[in-house]
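Visitor: Okay, handing you the structure first.
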2 protein chains.
Amino acid sequence: MERRTQVRGGWRGDMCNARFVGTELCAPSRGTLHPRATPVTSPFALLQEILVGKYGEGSKLIYELQDQGGELLALRYDLTVPFARYLAMNKITSMKRYHVAKVYRRDNPATTRGRYREFYQCDFDIAGQFDPMIPDAECLKIVHEILSDLQLGDFVIKVNDRRILNGVFAVCGVPESKFIPACSIVDKLDKMPWEEVRSEMVGERGVSPEAADRIGEYVQLHGGLDLIERLLQDPKLSQNKLAKEGLGDMKLLFEYLTLFGITGKISFDLSLARGLDYYTGVIFEAVLLQQDNEHGEEPVGVGSVAGGGRYDGLVGMFDPKGRKVPCVGVSIGIERIFSILEQRLEASEEKVRTTETQVLVASAQKKLLEERLKLISELWDAGIKAEMLYKKNPKLLNQLQYCEDTGIPLVAIVGEQELKDGVVKLRIVATREEVNVRRESLVEEIRIRTSQC
Amino acid sequence: MERRTQVRGGWRGDMCNARFVGTELCAPSRGTLHPRATPVTSPFALLQEILVGKYGEGSKLIYELQDQGGELLALRYDLTVPFARYLAMNKITSMKRYHVAKVYRRDNPATTRGRYREFYQCDFDIAGQFDPMIPDAECLKIVHEILSDLQLGDFVIKVNDRRILNGVFAVCGVPESKFIPACSIVDKLDKMPWEEVRSEMVGERGVSPEAADRIGEYVQLHGGLDLIERLLQDPKLSQNKLAKEGLGDMKLLFEYLTLFGITGKISFDLSLARGLDYYTGVIFEAVLLQQDNEHGEEPVGVGSVAGGGRYDGLVGMFDPKGRKVPCVGVSIGIERIFSILEQRLEASEEKVRTTETQVLVASAQKKLLEERLKLISELWDAGIKAEMLYKKNPKLLNQLQYCEDTGIPLVAIVGEQELKDGVVKLRIVATREEVNVRRESLVEEIRIRTSQC
């Protein structure tokens with residue numbers, strides 16, 4: 001049993017909150033081992049019809065796949081829709097899971113900014129009928145935790161609610177059929193000024209100029225608990241049932257986030273709309289802020305690094321009887337985060353070791369390949385991370401140079417004299433110090449010396 | 001810097017030998033951080049022409065992909081061909097890496113035996129011009145290490161060499177053009193008796209009956225160093241240059257494997273052929289052996305769980321100037337291994353925890369949601385793995401039951417009296433013991449108590 005855990009251990013997504021176990025390894029058909037925090041994966045390809053109508057404008061980026069068996073398949077566009085389908089298919093009504101896996105988009109990738117056609121997403125979701133805003137608050141806490149722990153610099157998590165947005169549209173006189181298109185235009189407010197958004201809204205989406213102006217008054221607002229209180233008193237908005245619900249929940253959410261001590265990074269921002277169709281309630285997006293750069297250089301243009309929200313209707317779309325399972329979740333843009341970390345690393349010119357090798361098994365004289373093989377085998381069997389050069393008679397200098405180049409901290413040198421004396425010469429690469437260690441104490445000595453590093 | 005290592009930490013493939021670092025996360029274009037053990041990945045989809053002509057009879061299982069951009073793509077069939085292409089494209093002449101990622105085959109999957117159309121492979125490869133058989137021996141040592149550590153029961157690693165097989169075909173009178181088809185027929189010897197293989201060889205592959213009989217005398221042999229010595233003296237085979245080379249290397253390999261202390265599980269088996277076209281030298285395959293089953297039940301029919309070999313020509317096929325980089329590698333069938341471990345687990349009826357949650361934050365009375373949120377936030381911030389029920393006023397009994405169900409070992413209970421006294425009641429689920437712990441000592445107390453578990 002322990003074995004199994006150990007095997008799976010290597011797959012754990014440390015980046016996500018340590019409270020949950022998830023892995024991409026389990027096949028979805030193998031059932032759940034645990035009702036609330038099951039490792040879940042989803043197939044990389046699904047019937048195209050499953051993905052149709054879930055992503056709004058993103059749909060044009062879906063990869064189609066020829067199955068040669070007659071089924072029209074498409075590659076996974078995100079991890080949310082497959083998760084919702086998984087819940088429906090397996091009649092699961094309550095689950096907390098995370099999933100780290102690749103998704104595929106037929107986009108024009110900006111690789112320098114960490115955007116690829118094939119990229120990892122890291123999703124965390126809580127599904128189930130619970131008291132309002134408790135799981136939602138946990139999602140935000142997790143985003144806050146990840147971004148703080150990774151020391152990515154200053155960030156803000158924008159929060160809004162689809163019900164508030166829809167309420168705004170309604171009280172501004174937008175017909176319900178135009179809520180979704182209006183929403184996807186509002187979403188562009190982080191990239192273009194209100195004037196442009198307004199003209200697109202009026203020109204392309206057929207919203208009346210008066211309605212657009214009224215919308216503009218709302219969607220440019222952002223703040224905290226004070227703004228929520230103000231809007232709850234707003235004569236128009238407070239008359240709208242949806243908006244009122246949304247604002248009530250937003251207030252509750254801010255109360256919980258205050259208890260979590262993270263409101264300093266949270267901004268209730270009415271311009272946040274999120275592009276995807278499936279959100280039904282709270283939505284959020286974490287954005288890295290411009291950083292003061294002492295060289296006056298442009299900061300890494302990465303922007304949004306996490307996003308998510310509540311999607312209470314998605315599971316029901318896959319259930320034959322339409323049974324709903326409320327869900328809230330967040331997706332961490334790990335590739336974009338890595339690209340920041342890598343650029344920072346390059347700038348720092350720090351050397352990174354790509355192995356954990358503790359010791360190089362070397363020889364000072366020729367004809368000692370067999371002795372090196374015997375010693376390295378002993379070390380491997382004892383769990384020591386050891387390497388050797390794949391040469392019969394490598395020069396000592398080359399072996400030492402290899403350690404310098406790769407950052408291996410110790411060299412275990414076998415020579416004829418050492419063999420006679422029953423010792424191994426252990427060299428500490430950093431200090432060039434050499435000590436003779438009795439062969440039977442070598443493993444222990446390496447362990448002690450590398451645990452100090 | 002440490003941060004970065006930590007982030008990547010979750011991705012390390014512990015299953016593979018700990019001496020190497022690999023991850024699927026790095027995009028292939030991001031270059032190498034280290035010349036010999038770089039984390040490498042490959043794109044999931046490649047131009048179809050890259051995969052054509054590499055897999056022999058397996059080719060019909062390649063998934064084709066419509067890119068909509070005009071390029072005909074195919075899904076990764078294994079991790080070896082993409083790795084070879086990566087080396088050639090990046091002009092890398094020496095590297096040791098591992099890669100855990102999904103591959104895709106249009107097969108009729110036998111899911112109960114751990115075979116799927118989309119499945120993980122776990123590959124370890126050593127590329128570079130080295131002294132003979134040293135990296136090859138390490139590959140076998142790693143397979144031995146993995147299968148032993150996982151306690152999968154008795155196993156044997158069959159070893160052969162394509163040069164020996166081709167030598168056998170040559171001295172038996174098979175024309176060179178028929179070596180590859182003859183090879184793929186011999187490969188079936190583990191699934192059907194020699195008589196059937198022989199008739200297929202004669203009937204379908206056009207090998208003469210006399211040649212087939214001569215082949216039969218060789219390919220049914222298996223043994224150890226003694227057999228190698230005998231074949232080196234074989235009047236016909238010793239005249240063949242390729243076979244002699246192969247046998248010489250096989251002898252060297254066995255000497256190294258003796259030093260590694262693993263020859264007990266190694267069988268030099270002339271029937272081993274491996275289906276893939278790209279092998280050029282040593283080939284090997286690890287097979288689980290039938291286990292004595294006290295209930296007389298059928299053992300899990302999993303068979304081959306790892307395989308690999310030397311492919312010295314593959315990199316050159318992708319290099320514009322045909323420059324060769326010799327490679328040897330092994331692929332671990334982790335999904336098949338997991339299916340064995342899971343079946344064993346089901347049989348044992350042991351309960352497996354799918355989370356590492358250390359403590360549930362609970363309350364004994366109503367109206368304490370805020371207090372639970374405050375406490376859980378403190379615990380999370382201190383790195384404790386804590387959960388709570390997403391309910392405003394959960395019953396204490398339900399909270400305790402949740403711990404029983406999910407194996408959470410501790411419950412931190414807040415109640416009005418405890419809040420007044422500045423303590424938290426810590427309940428040990430297994431013993432039902434309860435102790436009051438001062439709030440400022442709670443984190444430490446949880447750490448101590450869960451490190452004992």
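Chains: A, B, ... in order of the structure tokens. Residues: from 1 per chain. Ligands: from 1, in order shown.
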Within 9 Å of Lys158 in chain A, counting only C-alpha atoms, which residues show up once you throw out same-chain ones fewer than 4 positions away? Write them as a ChimeraX atom specification, please.
Guide: /A:222,265-270,272,283-287
Visitor: Which residues in range 277-346 of chain B does DSSP call alpha helix (DSSP H)? List them as a list in words.
Guide: Leu314, Val315, Gly316, Met317, Phe318, Ile334, Glu335, Arg336, Ile337, Phe338, Ser339, Ile340, Leu341, Glu342, Gln343, Arg344, Leu345 and Glu346 of chain B
Visitor: Could you work out how far CA of Ser199 in chain A lies from CA of Gly308 in chain A, giving the answer in Å with one decimal?
Guide: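 Result for CA of Gly308 in chain A versus CA of Ser199 in chain A: 27.7 Å, one decimal.
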Visitor: Near Met250 in chain A, counting only C-alpha atoms, which residues have an atom at most 9 Å away, once you skip same-chain residues fewer than 6 positions from it, shown as a PyMOL selection string?
Guide: chain A and resi 133+159-161+225+228+268+282
Visitor: Please, could you write that set of residues out with N, CA, C and O atoms as a JSON list (two decimals), in the first residue's frame?
Guide:
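Here's the written file again.json:
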```
[["chain", "number", "residue", "atom", "x", "y", "z"],
["A", 133, "MET", "N", -20.59, 30.78, -0.86],
["A", 133, "MET", "CA", -19.33, 31.52, -0.84],
["A", 133, "MET", "C", -18.20, 30.87, -0.02],
["A", 133, "MET", "O", -17.09, 31.37, -0.04],
["A", 159, "VAL", "N", -12.35, 40.50, -8.78],
["A", 159, "VAL", "CA", -13.51, 39.65, -8.53],
["A", 159, "VAL", "C", -14.76, 40.36, -9.04],
["A", 159, "VAL", "O", -14.88, 41.58, -8.91],
["A", 160, "ASN", "N", -15.63, 39.61, -9.64],
["A", 160, "ASN", "CA", -16.92, 40.14, -10.04],
["A", 160, "ASN", "C", -17.93, 39.00, -10.00],
["A", 160, "ASN", "O", -17.59, 37.88, -9.55],
["A", 161, "ASP", "N", -19.14, 39.23, -10.45],
["A", 161, "ASP", "CA", -20.15, 38.18, -10.45],
["A", 161, "ASP", "C", -20.98, 38.35, -11.71],
["A", 161, "ASP", "O", -21.41, 39.45, -12.04],
["A", 225, "LEU", "N", -15.37, 46.44, -0.09],
["A", 225, "LEU", "CA", -16.63, 46.29, 0.62],
["A", 225, "LEU", "C", -17.48, 47.56, 0.51],
["A", 225, "LEU", "O", -18.71, 47.50, 0.38],
["A", 228, "ILE", "N", -19.38, 47.59, -2.70],
["A", 228, "ILE", "CA", -20.49, 46.63, -2.64],
["A", 228, "ILE", "C", -21.67, 47.26, -1.89],
["A", 228, "ILE", "O", -22.81, 47.23, -2.36],
["A", 268, "PHE", "N", -12.90, 44.23, -6.09],
["A", 268, "PHE", "CA", -14.21, 44.02, -6.72],
["A", 268, "PHE", "C", -14.24, 44.94, -7.94],
["A", 268, "PHE", "O", -14.23, 46.16, -7.81],
["A", 282, "VAL", "N", -19.92, 34.08, -9.26],
["A", 282, "VAL", "CA", -18.63, 34.73, -9.00],
["A", 282, "VAL", "C", -17.63, 34.41, -10.10],
["A", 282, "VAL", "O", -17.54, 33.26, -10.55]]
```
Visitor: Hey, what's within 10 Å of Thr93 in chain B if we count only C-alpha atoms and toss same-chain stuff fewer than 4 positions away? As a PyMOL selection string, please?
Guide: chain B and resi 35-36+87-88+127-129+315+323-327
Visitor: Using only C-alpha atoms, find the one residue out of B:Phe83, B:Phe155, B:Tyr77, B:Tyr104 that sits nearest to Ile126 in chain B.
Guide: B:Phe83
Visitor: Near Lys178 in chain B, within 9 Å and counting only C-alpha atoms, which residues show up once chain neighbours fewer than 4 positions away are dropped, as a short mmCIF file (atom, residue, chain, number, x, y, z; two decimals) with N, CA and C atoms, in the first residue's frame?
Guide:
```cif
data_model
loop_
_atom_site.label_atom_id
_atom_site.label_comp_id
_atom_site.auth_asym_id
_atom_site.auth_seq_id
_atom_site.Cartn_x
_atom_site.Cartn_y
_atom_site.Cartn_z
N PHE B 169 19.81 -14.81 -38.84
CA PHE B 169 19.09 -14.86 -40.12
C PHE B 169 20.07 -15.06 -41.28
N VAL B 174 18.67 -16.43 -44.76
CA VAL B 174 17.60 -15.46 -45.05
C VAL B 174 18.23 -14.25 -45.75
N ALA B 182 11.25 -11.00 -40.77
CA ALA B 182 11.56 -12.22 -40.02
C ALA B 182 11.61 -11.90 -38.53
N CYS B 183 12.22 -10.76 -38.23
CA CYS B 183 12.34 -10.27 -36.86
C CYS B 183 10.98 -10.12 -36.19
N ARG B 205 5.99 -14.91 -44.91
CA ARG B 205 7.16 -14.07 -45.09
C ARG B 205 8.13 -14.63 -46.15
N GLY B 206 7.78 -15.77 -46.72
CA GLY B 206 8.58 -16.30 -47.81
C GLY B 206 9.97 -16.77 -47.42
N VAL B 207 10.12 -17.19 -46.14
CA VAL B 207 11.40 -17.77 -45.74
C VAL B 207 11.36 -19.26 -46.11
#
```
Visitor: Rank B:Arg214, B:Val171, B:Leu410, B:Val330 by their smallest atom-to-atom distance to Phe124 in chain B, using only C-alpha atoms, and report the top residue only.
Guide: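 Counting only C-alpha atoms, the residue closest to Phe124 in chain B is B:Val330.
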Visitor: Between CA of Glu404 in chain B and CA of Leu150 in chain B, measure the distance and give it in Å to one decimal.
Guide: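 Distance reported for this atom pair: 28.9 Å.
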Visitor: Go through B:Gln290, B:Ser184, B:Ser331, B:Asn398 one by one, measure the shortest atom-to-atom distance of each to Tyr98 in chain B using only C-alpha atoms, and give the residue with the smallest value.
Guide: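 Comparing B:Gln290, B:Ser184, B:Ser331, B:Asn398 against Tyr98 in chain B, the winner is B:Ser331.
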Visitor: Find the residues around range 369-383 of chain A up to 9 Å (only C-alpha atoms counted), leave out those fewer than 3 positions away in its own chain, and share them as a CSV table (one decimal) with N, CA, C and O atoms, in the first residue's frame.
Guide:
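For reference, selection-v1.csv as written:
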```csv
chain,number,residue,atom,x,y,z
A,360,LEU,N,29.8,11.8,-7.7
A,360,LEU,CA,30.3,11.2,-8.9
A,360,LEU,C,31.3,10.1,-8.5
A,360,LEU,O,32.2,10.3,-7.7
A,361,VAL,N,31.1,8.9,-9.0
A,361,VAL,CA,32.1,7.8,-8.8
A,361,VAL,C,33.2,7.9,-9.8
A,361,VAL,O,32.9,7.8,-11.0
A,362,ALA,N,34.4,8.1,-9.3
A,362,ALA,CA,35.5,8.4,-10.3
A,362,ALA,C,36.7,7.5,-9.9
A,362,ALA,O,36.7,6.8,-8.9
A,363,SER,N,37.6,7.5,-10.8
A,363,SER,CA,38.9,6.7,-10.5
A,363,SER,C,40.1,7.6,-10.9
A,363,SER,O,40.0,8.4,-11.8
A,366,LYS,N,43.9,4.1,-14.5
A,366,LYS,CA,43.2,3.3,-15.5
A,366,LYS,C,42.8,1.9,-15.0
A,366,LYS,O,43.2,1.5,-13.9
A,386,ALA,N,24.0,8.7,-7.5
A,386,ALA,CA,25.4,8.7,-8.0
A,386,ALA,C,25.4,8.6,-9.5
A,386,ALA,O,24.5,8.0,-10.2
A,387,GLU,N,26.4,9.2,-10.1
A,387,GLU,CA,26.7,9.1,-11.5
A,387,GLU,C,28.1,8.7,-11.7
A,387,GLU,O,29.0,8.8,-10.8
A,388,MET,N,28.5,8.3,-12.9
A,388,MET,CA,29.8,8.0,-13.3
A,388,MET,C,29.9,8.4,-14.8
A,388,MET,O,28.9,8.4,-15.5
A,391,LYS,N,32.9,6.0,-19.5
A,391,LYS,CA,34.1,5.7,-20.2
A,391,LYS,C,34.9,4.7,-19.4
A,391,LYS,O,34.9,4.6,-18.2
A,392,LYS,N,35.7,3.9,-20.2
A,392,LYS,CA,36.5,2.9,-19.5
A,392,LYS,C,37.6,3.5,-18.6
A,392,LYS,O,37.8,3.2,-17.5
A,393,ASN,N,38.3,4.5,-19.2
A,393,ASN,CA,39.5,5.1,-18.5
A,393,ASN,C,39.4,6.6,-18.6
A,393,ASN,O,40.2,7.2,-19.3
A,412,ALA,N,33.5,10.4,-5.3
A,412,ALA,CA,34.1,9.3,-4.6
A,412,ALA,C,35.1,8.6,-5.5
A,412,ALA,O,34.8,8.1,-6.5
A,413,ILE,N,36.4,8.7,-5.1
A,413,ILE,CA,37.5,8.3,-5.9
A,413,ILE,C,38.0,6.9,-5.5
A,413,ILE,O,38.4,6.8,-4.3
A,414,VAL,N,38.0,6.0,-6.4
A,414,VAL,CA,38.6,4.7,-6.1
A,414,VAL,C,40.0,4.6,-6.8
A,414,VAL,O,40.1,5.0,-8.0
A,415,GLY,N,41.0,4.2,-6.1
A,415,GLY,CA,42.3,4.0,-6.7
A,415,GLY,C,42.9,2.7,-6.1
A,415,GLY,O,42.3,2.1,-5.2
A,419,LEU,N,41.7,0.9,-2.6
A,419,LEU,CA,41.1,-0.4,-2.6
A,419,LEU,C,41.8,-1.3,-1.6
A,419,LEU,O,41.2,-2.1,-0.9
A,442,LEU,N,30.8,4.9,3.8
A,442,LEU,CA,30.7,5.8,2.7
A,442,LEU,C,29.3,6.4,2.5
A,442,LEU,O,29.1,7.6,2.4
A,443,VAL,N,28.3,5.5,2.5
A,443,VAL,CA,26.9,5.9,2.3
A,443,VAL,C,26.5,6.9,3.4
A,443,VAL,O,26.0,7.9,3.0
B,18,ALA,N,16.3,8.2,-9.3
B,18,ALA,CA,16.4,9.5,-8.7
B,18,ALA,C,17.6,10.2,-9.2
B,18,ALA,O,17.8,11.4,-8.9
B,19,ARG,N,18.5,9.6,-9.9
B,19,ARG,CA,19.7,10.2,-10.4
B,19,ARG,C,19.4,11.2,-11.5
B,19,ARG,O,20.3,12.0,-11.9
B,134,ILE,N,28.3,0.4,-21.3
B,134,ILE,CA,28.2,1.0,-19.9
B,134,ILE,C,26.8,1.6,-19.8
B,134,ILE,O,26.1,1.3,-18.8
B,141,LYS,N,20.0,-1.9,-15.2
B,141,LYS,CA,20.0,-1.7,-13.7
B,141,LYS,C,18.8,-1.0,-13.2
B,141,LYS,O,18.2,-1.3,-12.2
B,145,GLU,N,15.9,-2.1,-10.8
B,145,GLU,CA,15.7,-1.3,-9.6
B,145,GLU,C,14.2,-1.0,-9.4
B,145,GLU,O,13.6,-1.1,-8.4
B,255,GLU,N,29.1,-9.1,-18.0
B,255,GLU,CA,30.1,-8.8,-17.0
B,255,GLU,C,29.7,-7.6,-16.1
B,255,GLU,O,29.8,-7.7,-14.9
B,256,TYR,N,29.2,-6.6,-16.8
B,256,TYR,CA,28.8,-5.4,-16.0
B,256,TYR,C,27.6,-5.7,-15.2
B,256,TYR,O,27.5,-5.2,-14.0
B,259,LEU,N,28.6,-7.3,-12.0
B,259,LEU,CA,29.1,-6.3,-11.1
B,259,LEU,C,28.0,-5.6,-10.4
B,259,LEU,O,28.0,-5.2,-9.2
B,260,PHE,N,26.9,-5.4,-11.2
B,260,PHE,CA,25.7,-4.7,-10.6
B,260,PHE,C,24.9,-5.7,-9.7
B,260,PHE,O,23.9,-5.3,-9.1
B,261,GLY,N,25.3,-7.0,-9.8
B,261,GLY,CA,24.6,-8.0,-9.0
B,261,GLY,C,23.1,-8.3,-9.4
B,261,GLY,O,22.3,-8.7,-8.6
```
Visitor: My list of candidates is A:Val156, A:Met89, A:Leu75, A:Ala137. Which is closest to Val328 in chain A when distances are computed with only C-alpha atoms?
Guide: A:Ala137
Visitor: Of the residues B:Phe179, B:Tyr278, B:Phe338, B:Tyr218, which is the one nearest to chain A, using only C-alpha atoms?
Guide: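 Using only C-alpha atoms, the shortest distance to chain A belongs to B:Phe338.
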Visitor: Any idea what the distance is between CA of Ala170 in chain A and CA of Gly316 in chain A?
Guide: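 About the pair CA of Ala170 in chain A and CA of Gly316 in chain A: they are 25.4 Å apart.
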Visitor: Compare A:Ala101, A:Leu253, A:Leu152, A:Val197 by their minimum atom-to-atom distance to Cys139 in chain A, counting only C-alpha atoms, and give me the closest one.
Guide: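 Of all the options, A:Leu253 lies closest to Cys139 in chain A.
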Visitor: Which residues in range 209-410 of chain A does DSSP call strand (DSSP E or B)? List them as a ChimeraX atom specification.
Guide: /A:222-223,266-269,282-288,304-310,327-332,359-363,386-387,410
Visitor: Considering only C-alpha atoms, return as an NGL selection string whatever protein or nucleic-acid residues lie within 8 Å of Gly281 in chain B, sequence-local ones (same chain, fewer than 4 positions apart) excluded.
Guide: :B and (161-163 or 246 or 309-312)
